[in-house]
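The file work37.pdb comes next; it holds PDB, C-alpha atoms and all ligand atoms.
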MODEL        1
ATOM      1  CA  ALA K   1       0.000   0.000   0.000
ATOM      2  CA  ARG K   2       2.898   2.281   0.848
ATOM      3  CA  MET K   3       4.465   1.582  -2.507
ATOM      4  CA  VAL K   4       1.291   2.505  -4.384
ATOM      5  CA  SER K   5       1.158   5.943  -2.794
ATOM      6  CA  ASP K   6       4.913   6.458  -3.308
ATOM      7  CA  LEU K   7       4.514   5.442  -6.927
ATOM      8  CA  ARG K   8       1.605   7.825  -7.367
ATOM      9  CA  VAL K   9       3.766  10.805  -6.410
ATOM     10  CA  ALA K  10       6.738   9.497  -8.381
ATOM     11  CA  VAL K  11       5.181  10.731 -11.637
ATOM     12  CA  ASP K  12       4.592  14.266 -10.299
ATOM     13  CA  LYS K  13       7.965  14.412  -8.607
ATOM     14  CA  ASP K  14       9.842  13.520 -11.757
ATOM     15  CA  GLN K  15      11.282  10.363 -10.212
ATOM     16  CA  LEU K  16      10.654   8.183 -13.265
ATOM     17  CA  PHE K  17      13.012   7.929 -16.173
ATOM     18  CA  LEU K  18      13.585   5.662 -19.125
ATOM     19  CA  ALA K  19      16.656   3.607 -19.868
ATOM     20  CA  TYR K  20      17.181   2.692 -23.513
ATOM     21  CA  GLN K  21      18.690  -0.570 -24.699
ATOM     22  CA  PRO K  22      20.043  -0.717 -28.274
ATOM     23  CA  GLN K  23      18.866  -3.393 -30.693
ATOM     24  CA  ILE K  24      21.195  -4.072 -33.609
ATOM     25  CA  ASP K  25      21.042  -5.851 -36.939
ATOM     26  CA  LEU K  26      23.012  -9.049 -36.260
ATOM     27  CA  HIS K  27      24.329  -9.103 -39.825
ATOM     28  CA  THR K  28      25.416  -5.492 -40.331
ATOM     29  CA  GLY K  29      25.821  -4.288 -36.742
ATOM     30  CA  ALA K  30      23.643  -1.260 -37.523
ATOM     31  CA  LEU K  31      21.526   0.225 -34.748
ATOM     32  CA  THR K  32      17.934  -0.654 -35.660
ATOM     33  CA  GLY K  33      15.921   0.098 -32.555
ATOM     34  CA  LEU K  34      15.825   0.917 -28.878
ATOM     35  CA  GLU K  35      13.811  -0.724 -26.113
ATOM     36  CA  ALA K  36      12.576   1.753 -23.516
ATOM     37  CA  LEU K  37      12.782   0.362 -19.981
ATOM     38  CA  LEU K  38      11.207   2.159 -17.053
ATOM     39  CA  ARG K  39      13.232   3.070 -13.962
ATOM     40  CA  TRP K  40      12.221   4.732 -10.691
ATOM     41  CA  ARG K  41      14.707   6.821  -8.753
ATOM     42  CA  ARG K  42      13.355   6.975  -5.209
ATOM     43  CA  GLU K  43      13.698   9.883  -2.804
ATOM     44  CA  ASP K  44      16.787   8.280  -1.229
ATOM     45  CA  GLY K  45      18.456   7.972  -4.650
ATOM     46  CA  ARG K  46      17.957   4.223  -4.954
ATOM     47  CA  VAL K  47      16.976   3.155  -8.473
ATOM     48  CA  VAL K  48      14.221   0.543  -8.499
ATOM     49  CA  ALA K  49      13.841  -1.880 -11.424
ATOM     50  CA  PRO K  50      10.405  -2.421 -12.985
ATOM     51  CA  GLY K  51      10.223  -6.020 -11.771
ATOM     52  CA  GLU K  52       9.684  -4.572  -8.290
ATOM     53  CA  PHE K  53       7.030  -1.987  -9.051
ATOM     54  CA  ILE K  54       5.286  -2.850 -12.355
ATOM     55  CA  PRO K  55       3.289  -5.665 -10.672
ATOM     56  CA  VAL K  56       2.221  -3.195  -7.966
ATOM     57  CA  ALA K  57       1.256  -0.648 -10.611
ATOM     58  CA  GLU K  58      -0.699  -3.290 -12.508
ATOM     59  CA  HIS K  59      -2.575  -4.344  -9.392
ATOM     60  CA  SER K  60      -3.532  -0.814  -8.423
ATOM     61  CA  GLY K  61      -4.494   0.314 -11.924
ATOM     62  CA  LEU K  62      -1.746   2.918 -11.819
ATOM     63  CA  ILE K  63      -0.129   1.206 -14.795
ATOM     64  CA  VAL K  64      -2.443   3.067 -17.187
ATOM     65  CA  ALA K  65      -1.080   6.471 -16.102
ATOM     66  CA  LEU K  66       2.487   5.179 -15.855
ATOM     67  CA  GLY K  67       2.208   3.545 -19.255
ATOM     68  CA  GLN K  68       0.923   6.768 -20.773
ATOM     69  CA  TRP K  69       3.912   8.628 -19.341
ATOM     70  CA  VAL K  70       6.261   5.987 -20.785
ATOM     71  CA  LEU K  71       4.668   6.263 -24.241
ATOM     72  CA  GLN K  72       4.910  10.054 -24.273
ATOM     73  CA  GLN K  73       8.494  10.063 -23.048
ATOM     74  CA  ALA K  74       9.625   7.334 -25.453
ATOM     75  CA  CYS K  75       8.003   9.063 -28.449
ATOM     76  CA  SER K  76       9.499  12.448 -27.620
ATOM     77  CA  THR K  77      12.959  10.875 -27.188
ATOM     78  CA  MET K  78      12.526   9.232 -30.575
ATOM     79  CA  ARG K  79      11.699  12.602 -32.098
ATOM     80  CA  VAL K  80      14.851  14.187 -30.655
ATOM     81  CA  LEU K  81      17.062  11.259 -31.692
ATOM     82  CA  MET K  82      15.850  11.352 -35.288
ATOM     83  CA  ASP K  83      18.017  14.432 -35.874
ATOM     84  CA  THR K  84      21.116  12.625 -34.560
ATOM     85  CA  PRO K  85      23.547  10.837 -36.915
ATOM     86  CA  GLY K  86      23.209   7.041 -36.702
ATOM     87  CA  ALA K  87      19.758   7.289 -35.147
ATOM     88  CA  PRO K  88      17.710   4.070 -34.814
ATOM     89  CA  GLY K  89      14.581   3.514 -36.866
ATOM     90  CA  ARG K  90      12.239   2.710 -34.049
ATOM     91  CA  MET K  91      11.519   2.822 -30.337
ATOM     92  CA  ALA K  92      10.001  -0.214 -28.593
ATOM     93  CA  VAL K  93       7.774   0.267 -25.543
ATOM     94  CA  ASN K  94       6.588  -2.492 -23.203
ATOM     95  CA  VAL K  95       2.832  -2.555 -22.744
ATOM     96  CA  SER K  96       0.862  -4.341 -19.999
ATOM     97  CA  VAL K  97      -2.387  -6.218 -20.539
ATOM     98  CA  ALA K  98      -4.136  -3.665 -18.303
ATOM     99  CA  GLN K  99      -3.195  -0.918 -20.768
ATOM    100  CA  LEU K 100      -4.586  -2.879 -23.709
ATOM    101  CA  ARG K 101      -7.815  -3.410 -21.786
ATOM    102  CA  ASP K 102      -8.242   0.357 -21.370
ATOM    103  CA  PRO K 103     -10.788   1.646 -23.928
ATOM    104  CA  ALA K 104      -8.684   4.813 -24.306
ATOM    105  CA  PHE K 105      -5.501   2.917 -25.217
ATOM    106  CA  ILE K 106      -5.594   3.555 -28.979
ATOM    107  CA  HIS K 107      -6.249   7.228 -28.339
ATOM    108  CA  ILE K 108      -3.389   7.411 -25.805
ATOM    109  CA  VAL K 109      -0.941   5.887 -28.280
ATOM    110  CA  ARG K 110      -2.074   8.117 -31.153
ATOM    111  CA  THR K 111      -1.841  11.203 -28.972
ATOM    112  CA  ALA K 112       1.708  10.334 -27.853
ATOM    113  CA  ILE K 113       2.795   9.956 -31.490
ATOM    114  CA  ALA K 114       1.033  13.093 -32.677
ATOM    115  CA  ARG K 115       2.365  15.257 -29.838
ATOM    116  CA  ALA K 116       5.905  14.052 -30.428
ATOM    117  CA  GLY K 117       5.532  14.598 -34.165
ATOM    118  CA  ILE K 118       6.801  11.163 -35.208
ATOM    119  CA  GLU K 119       5.426   8.678 -37.714
ATOM    120  CA  GLY K 120       3.673   5.538 -36.502
ATOM    121  CA  ARG K 121       6.399   3.344 -37.955
ATOM    122  CA  ARG K 122       8.822   4.802 -35.431
ATOM    123  CA  LEU K 123       6.975   3.077 -32.587
ATOM    124  CA  GLU K 124       6.860  -0.586 -31.639
ATOM    125  CA  LEU K 125       4.706  -2.044 -28.876
ATOM    126  CA  GLU K 126       6.013  -5.073 -26.979
ATOM    127  CA  ILE K 127       3.216  -7.233 -25.675
ATOM    128  CA  THR K 128       3.478 -10.510 -23.770
ATOM    129  CA  GLU K 129       1.722 -13.816 -24.130
ATOM    130  CA  SER K 130      -0.602 -12.827 -21.288
ATOM    131  CA  VAL K 131      -2.571 -10.760 -23.823
ATOM    132  CA  ALA K 132      -4.183 -14.094 -24.693
ATOM    133  CA  LEU K 133      -6.312 -13.443 -21.580
ATOM    134  CA  LEU K 134      -8.012 -10.533 -23.345
ATOM    135  CA  PRO K 135     -11.208 -10.984 -25.361
ATOM    136  CA  THR K 136     -10.086 -11.907 -28.885
ATOM    137  CA  GLU K 137     -12.086  -9.169 -30.606
ATOM    138  CA  LEU K 138     -10.660  -6.487 -28.327
ATOM    139  CA  LEU K 139      -7.091  -7.610 -28.909
ATOM    140  CA  ASP K 140      -7.544  -8.023 -32.665
ATOM    141  CA  SER K 141      -9.253  -4.701 -33.213
ATOM    142  CA  THR K 142      -6.733  -2.827 -31.068
ATOM    143  CA  LEU K 143      -3.692  -4.329 -32.767
ATOM    144  CA  HIS K 144      -5.203  -3.911 -36.234
ATOM    145  CA  ALA K 145      -5.979  -0.243 -35.610
ATOM    146  CA  LEU K 146      -2.468   0.484 -34.359
ATOM    147  CA  ARG K 147      -0.758  -1.495 -37.104
ATOM    148  CA  GLY K 148      -2.872   0.447 -39.564
ATOM    149  CA  ASP K 149      -1.057   3.531 -38.279
ATOM    150  CA  GLY K 150       2.268   1.886 -39.104
ATOM    151  CA  ILE K 151       3.037   0.923 -35.507
ATOM    152  CA  SER K 152       4.674  -2.486 -35.200
ATOM    153  CA  VAL K 153       3.925  -5.141 -32.601
ATOM    154  CA  ALA K 154       6.400  -7.557 -31.023
ATOM    155  CA  ILE K 155       5.674 -10.501 -28.765
ATOM    156  CA  ASP K 156       8.076 -10.369 -25.808
ATOM    157  CA  ASP K 157       9.351 -13.181 -23.580
ATOM    158  CA  PHE K 158       7.960 -15.662 -26.054
ATOM    159  CA  GLY K 159       7.804 -19.246 -24.810
ATOM    160  CA  THR K 160       7.786 -18.383 -21.119
ATOM    161  CA  GLY K 161       4.036 -17.892 -20.710
ATOM    162  CA  TYR K 162       0.916 -19.915 -21.206
ATOM    163  CA  SER K 163      -0.388 -18.819 -24.576
ATOM    164  CA  SER K 164      -1.155 -21.491 -27.114
ATOM    165  CA  LEU K 165       0.362 -21.650 -30.554
ATOM    166  CA  SER K 166      -3.095 -21.091 -31.975
ATOM    167  CA  SER K 167      -3.445 -17.772 -30.171
ATOM    168  CA  LEU K 168       0.004 -16.747 -31.410
ATOM    169  CA  GLU K 169      -0.943 -17.703 -34.938
ATOM    170  CA  ARG K 170      -4.022 -15.482 -34.805
ATOM    171  CA  MET K 171      -2.299 -12.391 -33.442
ATOM    172  CA  PRO K 172      -1.306  -9.660 -35.872
ATOM    173  CA  LEU K 173       2.443  -9.442 -35.161
ATOM    174  CA  ASP K 174       5.604  -8.102 -36.760
ATOM    175  CA  ARG K 175       8.324  -9.452 -34.495
ATOM    176  CA  ILE K 176       8.984 -12.237 -32.036
ATOM    177  CA  LYS K 177      11.501 -11.802 -29.207
ATOM    178  CA  ILE K 178      13.408 -14.853 -28.043
ATOM    179  CA  ASP K 179      13.448 -14.720 -24.260
ATOM    180  CA  ARG K 180      16.823 -14.377 -22.606
ATOM    181  CA  SER K 181      16.284 -17.565 -20.569
ATOM    182  CA  PHE K 182      16.544 -19.496 -23.884
ATOM    183  CA  VAL K 183      19.408 -17.367 -25.175
ATOM    184  CA  ARG K 184      21.356 -18.066 -21.978
ATOM    185  CA  GLU K 185      21.104 -21.814 -22.638
ATOM    186  CA  LEU K 186      22.836 -21.523 -25.994
ATOM    187  CA  ASP K 187      26.318 -22.348 -24.737
ATOM    188  CA  ARG K 188      25.198 -25.530 -22.950
ATOM    189  CA  PRO K 189      25.165 -28.930 -24.679
ATOM    190  CA  GLY K 190      21.757 -29.347 -26.282
ATOM    191  CA  GLY K 191      20.795 -25.952 -24.947
ATOM    192  CA  ALA K 192      20.261 -24.363 -28.326
ATOM    193  CA  ARG K 193      17.067 -26.252 -29.004
ATOM    194  CA  ILE K 194      14.416 -23.904 -27.695
ATOM    195  CA  ALA K 195      15.997 -20.753 -29.101
ATOM    196  CA  GLU K 196      16.269 -22.503 -32.439
ATOM    197  CA  LEU K 197      12.667 -23.712 -32.322
ATOM    198  CA  VAL K 198      11.421 -20.221 -31.553
ATOM    199  CA  ALA K 199      13.500 -18.841 -34.424
ATOM    200  CA  GLN K 200      12.101 -21.478 -36.799
ATOM    201  CA  LEU K 201       8.564 -20.758 -35.648
ATOM    202  CA  GLY K 202       9.143 -17.065 -36.271
ATOM    203  CA  HIS K 203      10.470 -17.764 -39.747
ATOM    204  CA  ARG K 204       7.490 -19.939 -40.594
ATOM    205  CA  MET K 205       5.169 -17.183 -39.499
ATOM    206  CA  GLY K 206       7.033 -14.596 -41.539
ATOM    207  CA  LEU K 207       8.061 -12.607 -38.457
ATOM    208  CA  GLN K 208      11.235 -10.692 -37.755
ATOM    209  CA  ILE K 209      13.197 -12.330 -34.940
ATOM    210  CA  VAL K 210      14.913 -10.440 -32.133
ATOM    211  CA  ALA K 211      17.049 -12.239 -29.555
ATOM    212  CA  GLU K 212      17.479 -10.671 -26.131
ATOM    213  CA  GLY K 213      20.014 -11.222 -23.387
ATOM    214  CA  ILE K 214      23.047 -11.619 -25.670
ATOM    215  CA  GLU K 215      26.016 -11.566 -23.282
ATOM    216  CA  ASP K 216      28.927 -12.706 -25.478
ATOM    217  CA  GLU K 217      30.176 -12.831 -29.053
ATOM    218  CA  ARG K 218      29.769 -16.584 -29.453
ATOM    219  CA  THR K 219      26.086 -16.373 -28.553
ATOM    220  CA  LEU K 220      25.644 -13.527 -31.033
ATOM    221  CA  GLN K 221      27.199 -15.639 -33.780
ATOM    222  CA  LEU K 222      25.058 -18.686 -32.963
ATOM    223  CA  LEU K 223      21.922 -16.567 -33.109
ATOM    224  CA  ARG K 224      22.970 -15.009 -36.392
ATOM    225  CA  ALA K 225      23.532 -18.500 -37.818
ATOM    226  CA  MET K 226      19.992 -19.429 -36.731
ATOM    227  CA  GLY K 227      18.665 -16.592 -38.835
ATOM    228  CA  CYS K 228      17.841 -14.152 -36.048
ATOM    229  CA  HIS K 229      17.659 -10.702 -37.580
ATOM    230  CA  GLU K 230      18.315  -8.532 -34.569
ATOM    231  CA  GLY K 231      19.603  -8.742 -31.046
ATOM    232  CA  GLN K 232      20.096  -6.893 -27.798
ATOM    233  CA  GLY K 233      21.989  -7.635 -24.612
ATOM    234  CA  PHE K 234      24.889  -6.624 -22.381
ATOM    235  CA  HIS K 235      27.394  -7.742 -25.053
ATOM    236  CA  ILE K 236      26.060  -5.000 -27.301
ATOM    237  CA  ALA K 237      25.011  -2.468 -24.679
ATOM    238  CA  ALA K 238      23.197  -2.374 -21.348
ATOM    239  CA  PRO K 239      20.100  -0.170 -20.999
ATOM    240  CA  MET K 240      21.348   3.437 -20.748
ATOM    241  CA  ALA K 241      19.942   6.763 -19.624
ATOM    242  CA  TYR K 242      19.464   9.271 -22.440
ATOM    243  CA  GLU K 243      22.761  11.180 -22.026
ATOM    244  CA  GLU K 244      24.765   7.965 -21.963
ATOM    245  CA  LEU K 245      22.915   6.674 -25.020
ATOM    246  CA  VAL K 246      23.804   9.787 -26.999
ATOM    247  CA  GLY K 247      27.493   9.269 -26.106
ATOM    248  CA  TRP K 248      27.252   5.614 -27.117
ATOM    249  CA  MET K 249      25.743   6.536 -30.483
ATOM    250  CA  GLN K 250      28.442   9.165 -31.108
ATOM    251  CA  ALA K 251      31.227   6.730 -30.246
ATOM    252  CA  ARG K 252      29.917   4.279 -32.867
ATOM    253  CA  GLN K 253      29.858   6.852 -35.672
TER     254      GLN K 253
HETATM  255  O1  LIG K 301      14.782  -3.293 -17.113
HETATM  256  P1  LIG K 301      14.456  -4.618 -16.434
HETATM  257  O2  LIG K 301      15.266  -5.797 -16.857
HETATM  258  O3  LIG K 301      14.501  -4.531 -14.967
HETATM  259  O4  LIG K 301      12.921  -4.915 -16.837
HETATM  260  C1  LIG K 301      12.218  -5.912 -16.207
HETATM  261  C2  LIG K 301      10.881  -6.114 -16.846
HETATM  262  O5  LIG K 301      10.033  -4.974 -16.713
HETATM  263  C3  LIG K 301      10.976  -6.399 -18.331
HETATM  264  O6  LIG K 301      10.429  -7.676 -18.526
HETATM  265  C4  LIG K 301      10.143  -5.381 -19.009
HETATM  266  O7  LIG K 301       9.301  -5.993 -19.976
HETATM  267  C5  LIG K 301       9.320  -4.757 -17.896
HETATM  268  N1  LIG K 301       9.195  -3.322 -18.167
HETATM  269  C6  LIG K 301      10.192  -2.430 -18.274
HETATM  270  N2  LIG K 301       9.714  -1.207 -18.560
HETATM  271  C7  LIG K 301       8.362  -1.342 -18.657
HETATM  272  C8  LIG K 301       7.293  -0.432 -18.947
HETATM  273  O8  LIG K 301       7.483   0.745 -19.241
HETATM  274  N3  LIG K 301       6.037  -0.951 -18.933
HETATM  275  C9  LIG K 301       5.780  -2.255 -18.669
HETATM  276  N4  LIG K 301       4.532  -2.657 -18.668
HETATM  277  N5  LIG K 301       6.758  -3.137 -18.403
HETATM  278  C10 LIG K 301       8.032  -2.700 -18.404
HETATM  279  O1  LIG K 302      11.315  -8.681 -20.318
HETATM  280  P1  LIG K 302      12.066  -7.669 -21.072
HETATM  281  O2  LIG K 302      12.704  -8.299 -22.229
HETATM  282  O3  LIG K 302      11.305  -6.493 -21.509
HETATM  283  O4  LIG K 302      13.247  -7.201 -20.148
HETATM  284  C1  LIG K 302      14.391  -6.567 -20.517
HETATM  285  C2  LIG K 302      15.275  -6.645 -19.311
HETATM  286  O5  LIG K 302      16.403  -7.461 -19.524
HETATM  287  C3  LIG K 302      15.778  -5.305 -18.879
HETATM  288  O6  LIG K 302      15.463  -5.112 -17.552
HETATM  289  C4  LIG K 302      17.286  -5.378 -19.018
HETATM  290  O7  LIG K 302      17.951  -4.716 -17.974
HETATM  291  C5  LIG K 302      17.564  -6.865 -18.985
HETATM  292  N1  LIG K 302      18.675  -7.213 -19.823
HETATM  293  C6  LIG K 302      19.031  -6.613 -20.971
HETATM  294  N2  LIG K 302      20.108  -7.218 -21.532
HETATM  295  C7  LIG K 302      20.440  -8.225 -20.725
HETATM  296  C8  LIG K 302      21.476  -9.229 -20.782
HETATM  297  O8  LIG K 302      22.291  -9.303 -21.685
HETATM  298  N3  LIG K 302      21.480 -10.120 -19.754
HETATM  299  C9  LIG K 302      20.601 -10.066 -18.732
HETATM  300  N4  LIG K 302      20.707 -10.990 -17.782
HETATM  301  N5  LIG K 302      19.617  -9.158 -18.655
HETATM  302  C10 LIG K 302      19.531  -8.245 -19.638
HETATM  303 MN    MN K 303      10.639  -6.124 -23.502
HETATM  304 NA    NA K 304      12.088 -10.669 -22.062
ENDMDL
END
Now, as a test, write the supplied structure out as structure tokens.
Ligand code: G
Ligand code: G
Ligand code: MN
Ligand code: NA
Amino acid sequence: ARMVSDLRVAVDKDQLFLAYQPQIDLHTGALTGLEALLRWRREDGRVVAPGEFIPVAEHSGLIVALGQWVLQQACSTMRVLMDTPGAPGRMAVNVSVAQLRDPAFIHIVRTAIARAGIEGRRLELEITESVALLPTELLDSTLHALRGDGISVAIDDFGTGYSSLSSLERMPLDRIKIDRSFVRELDRPGGARIAELVAQLGHRMGLQIVAEGIEDERTLQLLRAMGCHEGQGFHIAAPMAYEELVGWMQARQ
């Protein structure tokens, strides 16, 4: 309960910020996208990771307001970055089921894009398998409307949840993200199987494949050989605050 009220003031007190993790083309090394990851710097200076407070925000309904802030912030950062040499093509934002359930969600997304002055294709929404809990018509109509604006949709943490293959098949998607728990297994004997199966499934479905949690060069090469298009992870870059990201981009030019 204490956390909910702290979190409520966090927005007004400017305690939230986004960290951005680069996604690169595994074949060319080019920066293709960024994933925006929410952080909370508490009064005492401690930075709290989303794993600790997103569930609380989801439970209390606060996620809708937080998620709106994230969308606005991510879109306006994208707008600023577009004038920078070597800028990425898109910004990916994580979206909770509770946000998709909100009847105002499409409007919130469109407003964030319009206010920032970016094109829809600059934004990607990362959803998780738990969206399978939503009424099919709601999910379909929401994703179709947003994709009609050029916004892309990625399924995150794929293979870790409970959705069926048939619900995946039905969803209008652009990208599939291989969860880092499967990527981590790559260097163990027989450990490549699930990552490879997810990549094959993605290929069959005509989706772009992004691997996350790449922590070394060998893993990157294995994923590239499996036909993964893009990747992110500590080996490439950790999530960075805006100023650090700009320095990182400059250093790569
Ligand atoms: O950055 P970190 O590894 O701590 O992120 C942990 C989890 O929190 C990730 O799985 C990510 O999907 C989720 N997350 C990060 N930022 C956001 C956000 O803005 N909204 C939602 N709904 N989830 C987020
Ligand atoms: O669930 P989601 O994929 O949205 O979560 C992204 C989270 O993964 C972020 O919190 C980020 O800090 C973390 N992360 C990013 N790269 C790596 C990595 O190479 N290894 C590990 N263990 N975590 C990572
Ligand atoms: Mn994600
Ligand atoms: Na993930």
Could you check how far CA of Glu124 (chain K) sits from CA of Gln68 (chain K), in Å to one decimal?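 So the answer is 14.4 Å.
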Could you spell out the hits of the PyMOL selection byres (((chain K and resi 36) around 8) and not hetatm) on the shown file, as a PDB file with C-alpha atoms, in the coordinates of the input?
ATOM      1  CA  LEU K  18      13.585   5.662 -19.125  1.00  0.00           C
ATOM      2  CA  ALA K  19      16.656   3.607 -19.868  1.00  0.00           C
ATOM      3  CA  TYR K  20      17.181   2.692 -23.513  1.00  0.00           C
ATOM      4  CA  GLN K  21      18.690  -0.570 -24.699  1.00  0.00           C
ATOM      5  CA  LEU K  34      15.825   0.917 -28.878  1.00  0.00           C
ATOM      6  CA  GLU K  35      13.811  -0.724 -26.113  1.00  0.00           C
ATOM      7  CA  LEU K  37      12.782   0.362 -19.981  1.00  0.00           C
ATOM      8  CA  LEU K  38      11.207   2.159 -17.053  1.00  0.00           C
ATOM      9  CA  ALA K  74       9.625   7.334 -25.453  1.00  0.00           C
ATOM     10  CA  MET K  91      11.519   2.822 -30.337  1.00  0.00           C
ATOM     11  CA  ALA K  92      10.001  -0.214 -28.593  1.00  0.00           C
ATOM     12  CA  VAL K  93       7.774   0.267 -25.543  1.00  0.00           C
ATOM     13  CA  ASN K  94       6.588  -2.492 -23.203  1.00  0.00           C
TER      14      ASN K  94
END
Identify all residues satisfying the PyMOL selection byres (((not hetatm)) within 10 of (chain K and resi 301)) in the given file; provide them as JSON, numbers by chain. {"K": [17, 18, 19, 20, 21, 35, 36, 37, 38, 39, 48, 49, 50, 51, 52, 53, 54, 55, 57, 58, 63, 64, 66, 67, 68, 69, 70, 71, 74, 92, 93, 94, 95, 96, 97, 98, 99, 126, 127, 128, 156, 157, 179, 213, 238, 239]}
Apply the PyMOL selection byres (((chain K and resi 158) around 12) and not hetatm) to the displayed file and report the matching residues as a ChimeraX atom specification. /K:126-131,154-157,159-165,168,175-183,194-195,197-199,201-202,209-212
Work out how far apart CA of Glu217 (chain K) and CA of Leu125 (chain K) are and give it in Å to one decimal. 27.7 Å
Which residues come within 9 Å of Ala116 (chain K), counting all atoms listed in the file, excluding same-chain residues fewer than 6 positions away, as number ranges by chain? K: 72-73, 75-80
Spatial neighbours of His235 (chain K), max dist 7 Å, all atoms listed in the file, sep filter under 2 positions, as a ChimeraX atom specification: /K:214-216,233,237
Write out as a short mmCIF file (atom, residue, chain, number, x, y, z; two decimals) with C-alpha atoms, in the coordinates of the input each polymer residue whose atoms come within 10 Å of Thr84 (chain K), counting all atoms listed in the file; drop sequence neighbours fewer than 5 positions from it.
data_model
loop_
_atom_site.label_atom_id
_atom_site.label_comp_id
_atom_site.auth_asym_id
_atom_site.auth_seq_id
_atom_site.Cartn_x
_atom_site.Cartn_y
_atom_site.Cartn_z
CA ARG K 79 11.70 12.60 -32.10
CA VAL K 246 23.80 9.79 -27.00
CA MET K 249 25.74 6.54 -30.48
CA GLN K 250 28.44 9.16 -31.11
#
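The interatomic distance for the pair CA of Asp187 (chain K) and CA of Thr219 (chain K) works out to 7.1 Å.
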Could you check the closest approach to ligand LIG 302 (chain K) for each of K:Trp40, K:Trp248, K:Phe105, K:Phe234 and tell me which residue wins, using all atoms listed in the file?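 Ranking K:Trp40, K:Trp248, K:Phe105, K:Phe234 by distance to ligand LIG 302 (chain K), first place goes to K:Phe234.
Proximity of K:Pro22, K:Gly61, K:Tyr242, K:Gly29 to ligand LIG 302 (chain K), computed with all atoms listed in the file, is greatest for K:Pro22.
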List the spatial neighbours of Arg110 (chain K) as number ranges by chain - criterion: any atom at most 12 Å away, all atoms listed in the file, same-chain residues fewer than 2 positions off excluded. K: 68, 71-72, 75, 104-108, 112-121, 123, 142, 145-151
Polymer residues at most 8 Å from Pro88 (chain K), all atoms listed in the file, same-chain spacing of 2 or more positions, as a ChimeraX atom specification: /K:31-34,81-82,86,90-91
Keeping C-alpha atoms, export the residues of the selection given above as a JSON list (two decimals), in the coordinates of the input.
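File written: part37.json
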[["chain", "number", "residue", "atom", "x", "y", "z"],
["K", 31, "LEU", "CA", 21.53, 0.22, -34.75],
["K", 32, "THR", "CA", 17.93, -0.65, -35.66],
["K", 33, "GLY", "CA", 15.92, 0.10, -32.56],
["K", 34, "LEU", "CA", 15.82, 0.92, -28.88],
["K", 81, "LEU", "CA", 17.06, 11.26, -31.69],
["K", 82, "MET", "CA", 15.85, 11.35, -35.29],
["K", 86, "GLY", "CA", 23.21, 7.04, -36.70],
["K", 90, "ARG", "CA", 12.24, 2.71, -34.05],
["K", 91, "MET", "CA", 11.52, 2.82, -30.34]]
